[in-house]
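K.L.:
There's a structure below that I have some questions on.
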Amino acid sequence: AQTVTQSQPEMSVQEAETVTLSCTYDTSESDYYLFWYKQPPSRQMILVIRQEAYKQQNATENRFSVNFQKAAKSFSLKISDSQLGDAAMYFCAYEETSGSRLTFGEGTQLTVNP
Amino acid sequence: ETGVTQSPTHLIKTRGQQVTLRCSSQSGHNTVSWYQQALGQGPQFIFQYYREEENGRGNFPPRFSGLQFPNYSSELNVNALELDDSALYLCASSPDPTGVSYEQYFGPGTRLTVT
């Protein structure tokens, strides 16, 4: 079974600074998808960024980028120019290509300090 | 375009009772997945429905059951509630579970408290 591990229960960053959230996963599949979701106190799960395993290029969405290391099974999220609105719980998630069952990590609580 | 909606927002039940949670999928989506998120943890996959049939199930007992209707809305039923069933229940919809991966759109969740 696939597993997703987030080893940082909590992280903090100063406004306008850069922070990196870590994620590792375990799978025997060669094709899959990886995601970072944001869950603010409102509880709504919001997709931040996605990465297809067959793509070597790291995904980027505005201030959010990933460092995808397939051989190491590592998928970190970098948030640049952090904003107060970035404060939330961040979840790393894995999805097999053949289905849409998401396997989530335990989450990292991000605090942004003014 | 209407997003994913869930009802009710909050619910308090007593141990041993039964509960039904509801989810309306986003327009054009025929697949609904349910997740259980215990406090301080990541969501756990319960099951998925595709065109009114169960299409995958996580490690949850049979007292967790579901339905999907012709309009692709869905229900999650939990019988014989236990204290550990207290959690946030999330519903997510997507266009199709096979082939190319599509983004799953999540609803705001139903907070269930079992006393």
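Chain labels A, B, ... are given in the sequence in which chains occur in the structure tokens; within each chain residues are numbered consecutively from 1, and ligands are likewise numbered from 1 in the order shown.
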Quick check: residues of chain A within 8 Å of chain B, only C-alpha atoms, returned as an MDAnalysis selection string.

P.N.:
chainID A and resid 33 42:47 91 97:107

K.L.:
Give me, as a list of chain:residue names, all polymer residues having an atom no more than 10 Å from Gln69 in chain A, counting only C-alpha atoms and skipping those fewer than 3 positions away in the same chain.

P.N.:
A:Thr24, A:Ala53, A:Gln56, A:Asn58, A:Val66, A:Ala72, A:Lys73, A:Ser74, A:Phe75, A:Ser76

K.L.:
Write out, as an mmCIF file, in the first residue's frame, the residues just selected, with C-alpha atoms.

P.N.:
data_model
loop_
_atom_site.group_PDB
_atom_site.id
_atom_site.type_symbol
_atom_site.label_atom_id
_atom_site.label_comp_id
_atom_site.auth_asym_id
_atom_site.auth_seq_id
_atom_site.Cartn_x
_atom_site.Cartn_y
_atom_site.Cartn_z
ATOM 1 C CA THR A 24 8.123 11.569 1.161
ATOM 2 C CA ALA A 53 5.378 11.475 -12.079
ATOM 3 C CA GLN A 56 10.755 15.554 -15.137
ATOM 4 C CA ASN A 58 9.000 20.504 -11.531
ATOM 5 C CA VAL A 66 7.777 21.763 -6.014
ATOM 6 C CA ALA A 72 14.267 9.486 -3.732
ATOM 7 C CA LYS A 73 10.436 9.497 -3.595
ATOM 8 C CA SER A 74 10.509 13.035 -2.310
ATOM 9 C CA PHE A 75 8.069 15.836 -3.110
ATOM 10 C CA SER A 76 8.668 19.127 -1.292
#

K.L.:
Rounded to one decimal in Å, what is the spacing between CA of Thr108 in chain A and CA of Phe35 in chain A?

P.N.:
13.8 Å

K.L.:
What does the distance between CA of Tyr50 in chain B and CA of Ser86 in chain B come to in Å, to one decimal place?

P.N.:
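If I compute the distance from CA of Tyr50 in chain B to CA of Ser86 in chain B, I get 26.2 Å.
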
K.L.:
To test your reading of the structure, identify every residue in chain A that backbone DSSP assigns to strand (DSSP E or B), and report it as a ChimeraX atom specification.

P.N.:
/A:3-5,10-14,19-21,24-26,32-39,46-52,60-61,64-69,74-79,88-96,102-104,108-113

K.L.:
Produce a file of the selected residues containing C-alpha atoms, as a PDB file, in the first residue's frame.

P.N.:
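As a result, again-v6.pdb now contains:
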ATOM      1  CA  THR A   3       2.093   5.710   2.185  1.00  0.00           C
ATOM      2  CA  VAL A   4       2.756   9.412   2.435  1.00  0.00           C
ATOM      3  CA  THR A   5       4.880  10.912   5.207  1.00  0.00           C
ATOM      4  CA  GLU A  10       4.537  22.489  12.291  1.00  0.00           C
ATOM      5  CA  MET A  11       6.485  25.127  10.396  1.00  0.00           C
ATOM      6  CA  SER A  12       6.654  28.888  10.672  1.00  0.00           C
ATOM      7  CA  VAL A  13       7.887  31.599   8.326  1.00  0.00           C
ATOM      8  CA  GLN A  14       8.162  35.362   8.329  1.00  0.00           C
ATOM      9  CA  VAL A  19       9.571  28.199   3.358  1.00  0.00           C
ATOM     10  CA  THR A  20       9.857  24.572   2.229  1.00  0.00           C
ATOM     11  CA  LEU A  21       7.521  21.800   3.364  1.00  0.00           C
ATOM     12  CA  THR A  24       8.123  11.569   1.161  1.00  0.00           C
ATOM     13  CA  TYR A  25       6.064   8.707  -0.199  1.00  0.00           C
ATOM     14  CA  ASP A  26       6.349   5.035  -0.853  1.00  0.00           C
ATOM     15  CA  TYR A  32       1.240   8.387 -10.422  1.00  0.00           C
ATOM     16  CA  TYR A  33       0.285  11.905  -9.396  1.00  0.00           C
ATOM     17  CA  LEU A  34       1.342  13.974  -6.414  1.00  0.00           C
ATOM     18  CA  PHE A  35      -0.488  16.917  -4.926  1.00  0.00           C
ATOM     19  CA  TRP A  36      -0.212  19.579  -2.294  1.00  0.00           C
ATOM     20  CA  TYR A  37      -3.501  20.643  -0.754  1.00  0.00           C
ATOM     21  CA  LYS A  38      -4.134  23.572   1.568  1.00  0.00           C
ATOM     22  CA  GLN A  39      -6.761  23.394   4.302  1.00  0.00           C
ATOM     23  CA  ILE A  46      -7.925  23.571  -1.831  1.00  0.00           C
ATOM     24  CA  LEU A  47      -5.545  22.241  -4.477  1.00  0.00           C
ATOM     25  CA  VAL A  48      -2.263  24.164  -4.463  1.00  0.00           C
ATOM     26  CA  ILE A  49      -0.199  22.293  -7.039  1.00  0.00           C
ATOM     27  CA  ARG A  50       0.041  18.923  -8.787  1.00  0.00           C
ATOM     28  CA  GLN A  51       2.872  16.944 -10.329  1.00  0.00           C
ATOM     29  CA  GLU A  52       2.712  14.085 -12.805  1.00  0.00           C
ATOM     30  CA  THR A  60       5.161  25.762 -10.601  1.00  0.00           C
ATOM     31  CA  GLU A  61       2.089  27.827  -9.762  1.00  0.00           C
ATOM     32  CA  PHE A  64       4.337  27.833  -5.220  1.00  0.00           C
ATOM     33  CA  SER A  65       6.804  25.348  -6.673  1.00  0.00           C
ATOM     34  CA  VAL A  66       7.777  21.763  -6.014  1.00  0.00           C
ATOM     35  CA  ASN A  67      11.023  19.834  -5.921  1.00  0.00           C
ATOM     36  CA  PHE A  68      10.129  16.381  -7.215  1.00  0.00           C
ATOM     37  CA  GLN A  69      12.823  13.753  -6.755  1.00  0.00           C
ATOM     38  CA  SER A  74      10.509  13.035  -2.310  1.00  0.00           C
ATOM     39  CA  PHE A  75       8.069  15.836  -3.110  1.00  0.00           C
ATOM     40  CA  SER A  76       8.668  19.127  -1.292  1.00  0.00           C
ATOM     41  CA  LEU A  77       6.672  22.348  -1.608  1.00  0.00           C
ATOM     42  CA  LYS A  78       8.379  25.733  -1.695  1.00  0.00           C
ATOM     43  CA  ILE A  79       6.363  28.842  -0.931  1.00  0.00           C
ATOM     44  CA  ALA A  88      -3.058  26.834   6.863  1.00  0.00           C
ATOM     45  CA  MET A  89      -2.606  23.088   7.180  1.00  0.00           C
ATOM     46  CA  TYR A  90      -0.830  21.689   4.140  1.00  0.00           C
ATOM     47  CA  PHE A  91      -1.295  18.112   3.034  1.00  0.00           C
ATOM     48  CA  CYS A  92       0.790  16.135   0.610  1.00  0.00           C
ATOM     49  CA  ALA A  93      -1.223  13.536  -1.320  1.00  0.00           C
ATOM     50  CA  TYR A  94      -0.608  10.661  -3.710  1.00  0.00           C
ATOM     51  CA  GLU A  95      -2.873   9.317  -6.412  1.00  0.00           C
ATOM     52  CA  GLU A  96      -2.457   6.283  -8.647  1.00  0.00           C
ATOM     53  CA  LEU A 102      -6.047  10.049  -2.706  1.00  0.00           C
ATOM     54  CA  THR A 103      -3.634   8.969   0.027  1.00  0.00           C
ATOM     55  CA  PHE A 104      -2.804  11.887   2.308  1.00  0.00           C
ATOM     56  CA  THR A 108       2.072  20.360   8.221  1.00  0.00           C
ATOM     57  CA  GLN A 109       0.623  23.352  10.048  1.00  0.00           C
ATOM     58  CA  LEU A 110       2.132  26.492   8.535  1.00  0.00           C
ATOM     59  CA  THR A 111       2.182  29.730  10.523  1.00  0.00           C
ATOM     60  CA  VAL A 112       3.067  33.001   8.808  1.00  0.00           C
ATOM     61  CA  ASN A 113       4.371  35.678  11.140  1.00  0.00           C
TER      62      ASN A 113
END

K.L.:
What's the 12 Å shell around Arg22 in chain B, counting only C-alpha atoms, without same-chain residues fewer than 5 positions away, as JSON, numbers by chain?

P.N.:
{"B": [4, 5, 6, 7, 8, 9, 10, 11, 32, 33, 34, 66, 67, 68, 69, 72, 73, 74, 75, 76, 77, 78, 89, 90, 91, 92, 107, 108, 109, 110]}
